[in-house]
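J.: Hey, dropping target.cif in here, mmCIF, C-alpha atoms:
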```
data_structure
#
loop_
_atom_site.group_PDB
_atom_site.id
_atom_site.type_symbol
_atom_site.label_atom_id
_atom_site.label_comp_id
_atom_site.auth_asym_id
_atom_site.auth_seq_id
_atom_site.Cartn_x
_atom_site.Cartn_y
_atom_site.Cartn_z
ATOM 1 C CA ASN Z 23 0.000 0.000 0.000
ATOM 2 C CA MET Z 24 2.357 2.700 -1.253
ATOM 3 C CA THR Z 25 -0.259 5.432 -0.905
ATOM 4 C CA GLY Z 26 -0.492 4.585 2.779
ATOM 5 C CA ASN Z 27 3.294 4.364 3.044
ATOM 6 C CA LEU Z 28 3.626 7.915 1.729
ATOM 7 C CA VAL Z 29 1.177 9.076 4.400
ATOM 8 C CA LEU Z 30 2.992 7.109 7.118
ATOM 9 C CA PHE Z 31 6.324 8.530 5.972
ATOM 10 C CA GLY Z 32 4.976 12.076 6.231
ATOM 11 C CA ILE Z 33 3.462 11.450 9.650
ATOM 12 C CA ALA Z 34 6.676 9.873 10.970
ATOM 13 C CA CYS Z 35 8.737 12.813 9.675
ATOM 14 C CA GLY Z 36 6.283 15.311 11.137
ATOM 15 C CA GLN Z 37 6.494 13.616 14.525
ATOM 16 C CA GLY Z 38 10.258 13.213 14.432
ATOM 17 C CA ARG Z 39 10.067 9.400 14.494
ATOM 18 C CA TRP Z 40 13.106 8.981 12.264
ATOM 19 C CA HIS Z 41 13.447 5.233 12.700
ATOM 20 C CA ASP Z 42 9.867 4.698 11.438
ATOM 21 C CA ALA Z 43 10.425 7.241 8.661
ATOM 22 C CA GLY Z 44 13.574 5.384 7.579
ATOM 23 C CA ARG Z 45 11.790 2.026 7.440
ATOM 24 C CA THR Z 46 8.999 3.498 5.362
ATOM 25 C CA LEU Z 47 11.445 5.300 3.091
ATOM 26 C CA TYR Z 48 13.254 1.977 2.587
ATOM 27 C CA VAL Z 49 10.010 0.375 1.376
ATOM 28 C CA LEU Z 50 9.190 3.335 -0.879
ATOM 29 C CA ALA Z 51 12.671 3.258 -2.425
ATOM 30 C CA LEU Z 52 12.406 -0.501 -3.073
ATOM 31 C CA PHE Z 53 9.033 -0.004 -4.730
ATOM 32 C CA ILE Z 54 10.308 2.806 -6.955
ATOM 33 C CA ALA Z 55 13.301 0.691 -7.989
ATOM 34 C CA ALA Z 56 11.150 -2.393 -8.699
ATOM 35 C CA ALA Z 57 8.516 -0.432 -10.635
ATOM 36 C CA GLY Z 58 11.299 1.227 -12.618
ATOM 37 C CA LEU Z 59 12.919 -2.130 -13.399
ATOM 38 C CA GLY Z 60 9.560 -3.619 -14.314
ATOM 39 C CA SER Z 61 8.794 -0.658 -16.550
ATOM 40 C CA ARG Z 62 12.152 -1.035 -18.260
ATOM 41 C CA ALA Z 63 11.593 -4.763 -18.754
ATOM 42 C CA ILE Z 64 8.227 -4.240 -20.454
ATOM 43 C CA ARG Z 65 9.077 -1.078 -22.373
ATOM 44 C CA ASN Z 66 9.938 -2.718 -25.681
ATOM 45 C CA PHE Z 67 7.410 -5.545 -25.551
ATOM 46 C CA PRO Z 68 4.899 -5.270 -28.392
ATOM 47 C CA ASP Z 69 1.240 -5.724 -27.534
ATOM 48 C CA SER Z 70 1.283 -9.098 -29.310
ATOM 49 C CA ALA Z 71 3.800 -10.370 -26.730
ATOM 50 C CA TRP Z 72 1.739 -9.201 -23.745
ATOM 51 C CA ARG Z 73 0.767 -12.741 -22.638
ATOM 52 C CA LYS Z 74 4.417 -13.847 -22.571
ATOM 53 C CA LEU Z 75 5.357 -10.774 -20.545
ATOM 54 C CA VAL Z 76 2.534 -11.308 -18.066
ATOM 55 C CA MET Z 77 3.613 -14.910 -17.573
ATOM 56 C CA ARG Z 78 7.206 -13.910 -16.829
ATOM 57 C CA LEU Z 79 6.162 -11.216 -14.357
ATOM 58 C CA LEU Z 80 3.652 -13.534 -12.687
ATOM 59 C CA LEU Z 81 6.275 -16.236 -12.256
ATOM 60 C CA VAL Z 82 8.679 -13.788 -10.622
ATOM 61 C CA GLU Z 83 5.897 -12.359 -8.444
ATOM 62 C CA ALA Z 84 4.688 -15.815 -7.392
ATOM 63 C CA ALA Z 85 8.236 -16.909 -6.512
ATOM 64 C CA LEU Z 86 8.821 -13.781 -4.419
ATOM 65 C CA LEU Z 87 5.503 -14.166 -2.604
ATOM 66 C CA LEU Z 88 6.119 -17.854 -1.992
ATOM 67 C CA ALA Z 89 9.585 -17.148 -0.559
ATOM 68 C CA PHE Z 90 8.006 -14.612 1.800
ATOM 69 C CA ALA Z 91 5.251 -17.046 2.804
ATOM 70 C CA VAL Z 92 7.658 -19.882 3.565
ATOM 71 C CA TYR Z 93 9.885 -17.654 5.671
ATOM 72 C CA CYS Z 94 6.914 -16.264 7.619
ATOM 73 C CA ALA Z 95 5.644 -19.779 8.238
ATOM 74 C CA ILE Z 96 8.901 -20.945 9.798
ATOM 75 C CA ALA Z 97 10.035 -17.774 11.598
ATOM 76 C CA SER Z 98 8.743 -16.691 14.982
ATOM 77 C CA ASP Z 99 6.936 -13.363 15.413
ATOM 78 C CA ALA Z 100 10.092 -11.879 16.937
ATOM 79 C CA GLY Z 101 12.177 -13.297 14.085
ATOM 80 C CA ARG Z 102 9.926 -11.710 11.472
ATOM 81 C CA ALA Z 103 10.054 -8.330 13.190
ATOM 82 C CA ALA Z 104 13.838 -8.470 13.430
ATOM 83 C CA GLN Z 105 14.157 -9.409 9.753
ATOM 84 C CA PHE Z 106 12.113 -6.499 8.358
ATOM 85 C CA PHE Z 107 14.891 -5.364 6.025
ATOM 86 C CA TRP Z 108 15.096 -8.879 4.541
ATOM 87 C CA LEU Z 109 11.349 -9.598 4.528
ATOM 88 C CA ALA Z 110 10.165 -6.383 2.887
ATOM 89 C CA PRO Z 111 12.012 -6.703 -0.458
ATOM 90 C CA PRO Z 112 10.186 -9.763 -1.842
ATOM 91 C CA LEU Z 113 6.796 -8.173 -1.195
ATOM 92 C CA VAL Z 114 7.749 -4.717 -2.398
ATOM 93 C CA VAL Z 115 9.523 -5.960 -5.528
ATOM 94 C CA ALA Z 116 6.517 -8.163 -6.371
ATOM 95 C CA MET Z 117 4.232 -5.152 -5.974
ATOM 96 C CA GLY Z 118 6.506 -2.929 -8.058
ATOM 97 C CA LEU Z 119 6.601 -5.445 -10.914
ATOM 98 C CA GLN Z 120 2.829 -5.856 -10.750
ATOM 99 C CA SER Z 121 2.330 -2.105 -10.813
ATOM 100 C CA ALA Z 122 4.585 -1.673 -13.842
ATOM 101 C CA ALA Z 123 2.692 -4.389 -15.702
ATOM 102 C CA MET Z 124 -0.705 -2.933 -14.803
ATOM 103 C CA ASN Z 125 0.480 0.495 -15.841
ATOM 104 C CA ARG Z 126 1.256 -0.940 -19.269
ATOM 105 C CA LEU Z 127 -2.045 -2.840 -19.436
ATOM 106 C CA THR Z 128 -4.113 0.288 -18.754
ATOM 107 C CA ILE Z 129 -7.586 -1.092 -18.171
ATOM 108 C CA ALA Z 130 -9.725 2.027 -18.123
ATOM 109 C CA GLY Z 131 -10.114 3.234 -14.564
ATOM 110 C CA VAL Z 132 -8.649 0.129 -12.875
ATOM 111 C CA MET Z 133 -5.413 0.430 -10.939
ATOM 112 C CA SER Z 134 -3.963 -2.626 -9.261
ATOM 113 C CA THR Z 135 -2.151 -0.972 -6.408
ATOM 114 C CA ALA Z 136 -3.913 2.323 -5.834
ATOM 115 C CA MET Z 137 -7.420 1.563 -4.677
ATOM 116 C CA THR Z 138 -8.095 5.234 -4.064
ATOM 117 C CA GLY Z 139 -7.781 5.859 -7.809
ATOM 118 C CA THR Z 140 -10.026 2.916 -8.694
ATOM 119 C CA LEU Z 141 -12.596 4.010 -6.102
ATOM 120 C CA THR Z 142 -12.458 7.575 -7.422
ATOM 121 C CA ASN Z 143 -12.979 6.358 -10.996
ATOM 122 C CA PHE Z 144 -15.930 4.264 -9.799
ATOM 123 C CA ALA Z 145 -17.468 7.329 -8.110
ATOM 124 C CA VAL Z 146 -16.962 9.373 -11.275
ATOM 125 C CA GLY Z 147 -18.720 6.604 -13.229
ATOM 126 C CA LEU Z 148 -21.643 6.638 -10.798
ATOM 127 C CA GLN Z 149 -21.962 10.366 -11.215
ATOM 128 C CA GLY Z 150 -21.830 9.906 -14.988
ATOM 129 C CA LEU Z 151 -24.629 7.351 -14.910
ATOM 130 C CA TRP Z 152 -26.824 9.517 -12.731
ATOM 131 C CA PHE Z 153 -26.376 12.756 -14.651
ATOM 132 C CA GLN Z 154 -25.446 11.812 -18.240
ATOM 133 C CA HIS Z 155 -27.435 10.816 -21.249
ATOM 134 C CA SER Z 156 -27.998 7.115 -21.882
ATOM 135 C CA SER Z 157 -25.693 7.069 -24.937
ATOM 136 C CA ALA Z 158 -22.587 6.896 -22.731
ATOM 137 C CA GLY Z 159 -24.272 4.635 -20.173
ATOM 138 C CA SER Z 160 -23.227 1.242 -21.562
ATOM 139 C CA GLU Z 161 -19.548 2.231 -21.748
ATOM 140 C CA ILE Z 162 -19.644 3.681 -18.235
ATOM 141 C CA ARG Z 163 -21.404 0.562 -16.869
ATOM 142 C CA SER Z 164 -18.825 -1.713 -18.496
ATOM 143 C CA ARG Z 165 -15.944 0.190 -16.862
ATOM 144 C CA MET Z 166 -17.749 0.329 -13.540
ATOM 145 C CA LYS Z 167 -18.282 -3.453 -13.495
ATOM 146 C CA LYS Z 168 -14.534 -3.973 -13.777
ATOM 147 C CA GLN Z 169 -13.853 -1.336 -11.130
ATOM 148 C CA LEU Z 170 -16.417 -2.808 -8.743
ATOM 149 C CA LEU Z 171 -14.969 -6.292 -9.245
ATOM 150 C CA VAL Z 172 -11.473 -5.022 -8.411
ATOM 151 C CA ILE Z 173 -12.773 -3.209 -5.303
ATOM 152 C CA LEU Z 174 -14.662 -6.297 -4.095
ATOM 153 C CA LEU Z 175 -11.677 -8.587 -4.726
ATOM 154 C CA TYR Z 176 -9.400 -6.168 -2.883
ATOM 155 C CA CYS Z 177 -11.701 -6.040 0.144
ATOM 156 C CA SER Z 178 -12.192 -9.829 0.088
ATOM 157 C CA GLY Z 179 -8.440 -10.383 -0.012
ATOM 158 C CA ALA Z 180 -7.940 -8.034 2.910
ATOM 159 C CA ALA Z 181 -10.682 -9.818 4.885
ATOM 160 C CA ALA Z 182 -9.104 -13.209 4.171
ATOM 161 C CA GLU Z 183 -5.700 -11.915 5.310
ATOM 162 C CA GLY Z 184 -7.380 -10.565 8.460
ATOM 163 C CA ILE Z 185 -8.665 -14.058 9.212
ATOM 164 C CA PHE Z 186 -5.191 -15.521 8.624
ATOM 165 C CA ILE Z 187 -3.591 -12.930 10.869
ATOM 166 C CA GLN Z 188 -6.075 -13.571 13.658
ATOM 167 C CA HIS Z 189 -6.173 -17.359 13.498
ATOM 168 C CA ALA Z 190 -3.039 -18.556 11.710
ATOM 169 C CA GLY Z 191 -0.354 -15.869 11.748
ATOM 170 C CA TRP Z 192 2.225 -18.319 10.446
ATOM 171 C CA ALA Z 193 0.209 -18.610 7.196
ATOM 172 C CA ILE Z 194 0.027 -14.876 6.505
ATOM 173 C CA GLY Z 195 1.992 -14.997 3.261
ATOM 174 C CA PHE Z 196 0.385 -18.059 1.726
ATOM 175 C CA LEU Z 197 -2.849 -16.435 0.530
ATOM 176 C CA PRO Z 198 -1.192 -13.941 -1.846
ATOM 177 C CA ALA Z 199 1.399 -16.520 -2.922
ATOM 178 C CA SER Z 200 -1.327 -19.095 -3.609
ATOM 179 C CA LEU Z 201 -3.382 -16.640 -5.625
ATOM 180 C CA ALA Z 202 -0.369 -15.629 -7.709
ATOM 181 C CA CYS Z 203 0.407 -19.305 -8.343
ATOM 182 C CA LEU Z 204 -3.223 -19.967 -9.365
ATOM 183 C CA VAL Z 205 -3.067 -17.142 -11.881
ATOM 184 C CA VAL Z 206 0.165 -18.581 -13.301
ATOM 185 C CA ILE Z 207 -1.428 -22.040 -13.581
ATOM 186 C CA ALA Z 208 -4.552 -20.623 -15.232
ATOM 187 C CA HIS Z 209 -2.363 -18.663 -17.629
ATOM 188 C CA LEU Z 210 -0.423 -21.827 -18.539
ATOM 189 C CA LYS Z 211 -3.654 -23.627 -19.457
ATOM 190 C CA ASP Z 212 -4.639 -20.925 -21.989
#
```
Just give me the structure as structure tokens.
T.:
Amino acid sequence: NMTGNLVLFGIACGQGRWHDAGRTLYVLALFIAAAGLGSRAIRNFPDSAWRKLVMRLLLVEAALLLAFAVYCAIASDAGRAAQFFWLAPPLVVAMGLQSAAMNRLTIAGVMSTAMTGTLTNFAVGLQGLWFQHSSAGSEIRSRMKKQLLVILLYCSGAAAEGIFIQHAGWAIGFLPASLACLVVIAHLKD
């Protein structure tokens, strides 16, 4: 949640909590580097090669998430906290690669890692449906269905992680890793 990390960074700086600010800045810098690398990797891919690119990025993302999940499953709570600087990179790099790929994909009004933007675009669509002529309605509804699906999936994923955290903290990383692996498997079958 890089939007939230920017806010947390600002709050920590404003309150003089430099250790917290440094940790957040570390995550932000990793994300910027990963998104930049991902952007560079996909820059010259033609649209016809999009499926191949997605598969490569998904494999890297799934491997990073799985490495995180395995470590979290075997490390104690204290061990995970002490290893922040080693645990953060797999998650942040996976998110940066995903963001670069989604930036290239550009589904109208859907952003994979900035739910505020997707929610804003959904609200704009609602306003458009309420106050526009019916000629633009079908296009707006089509975009809004995708946006609503992304919002619902995001909230469902967060709820599932909340259950894992509360009842099986050791399994915290397996949900995102499993989902990434399922997407890879589904992509292989196509």
J.: Given the file above and the PyMOL selection byres ((chain Z and resi 52) around 9), which residues are selected, and can you give them as a PyMOL selection string?
T.: chain Z and resi 47-51+53-57+110-111+114-115+118
J.: Report, in Å with one decimal, the straight-line distance from CA of Ile162 (chain Z) to CA of Leu174 (chain Z).
T.: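 Computing the Euclidean distance for CA of Ile162 (chain Z) and CA of Leu174 (chain Z) yields 18.0 Å.
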J.: Quick one: pull the distance between CA of Gly179 (chain Z) and CA of Phe196 (chain Z), Å, one decimal.
T.: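 Computing it gives 11.8 Å between the two atoms.
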J.: Could you tell me which residues the PyMOL selection byres ((chain Z and resi 166-168) around 10) grabs in this file, written as a ChimeraX atom specification?
T.: /Z:129-132,140-141,143-148,151,160-165,169-174
J.: Between CA of Lys74 (chain Z) and CA of Leu210 (chain Z), what distance in Å does the model show, to one decimal?
T.: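 Straight-line distance from CA of Lys74 (chain Z) to CA of Leu210 (chain Z) works out to 10.2 Å.
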J.: To verify the selection step, state as a VMD selection string which residues the PyMOL selection byres ((chain Z and resi 58-68) around 12) yields on this input.
T.: chain Z and resid 51 to 57 69 to 80 82 to 83 115 to 127
J.: Using only C-alpha atoms, find the one residue out of Z:Leu197, Z:Leu88, Z:Ala208, Z:Thr25 that sits nearest to Gly184 (chain Z).
T.: Z:Leu197
J.: Under the rule that all atoms listed in the file are counted, which of Z:Leu30, Z:Leu81, Z:Leu86, Z:Leu175 is the nearest residue to Cys203 (chain Z)?
T.: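 Nearest to Cys203 (chain Z): Z:Leu81.
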J.: So, with all atoms listed in the file as the atoms that count, which of Z:Lys211, Z:Gln149, Z:Arg45, Z:Ala193 lies closest to Gln105 (chain Z)?
T.: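 Checking each of Z:Lys211, Z:Gln149, Z:Arg45, Z:Ala193 against Gln105 (chain Z), counting all atoms listed in the file, the winner is Z:Arg45.
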J.: Which residue is closest to Ala199 (chain Z)? Choose from Z:Ala84, Z:Pro112, Z:Ile185, Z:Phe106 and count all atoms listed in the file.
T.: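 Among the listed residues, the smallest separation from Ala199 (chain Z) belongs to Z:Ala84.
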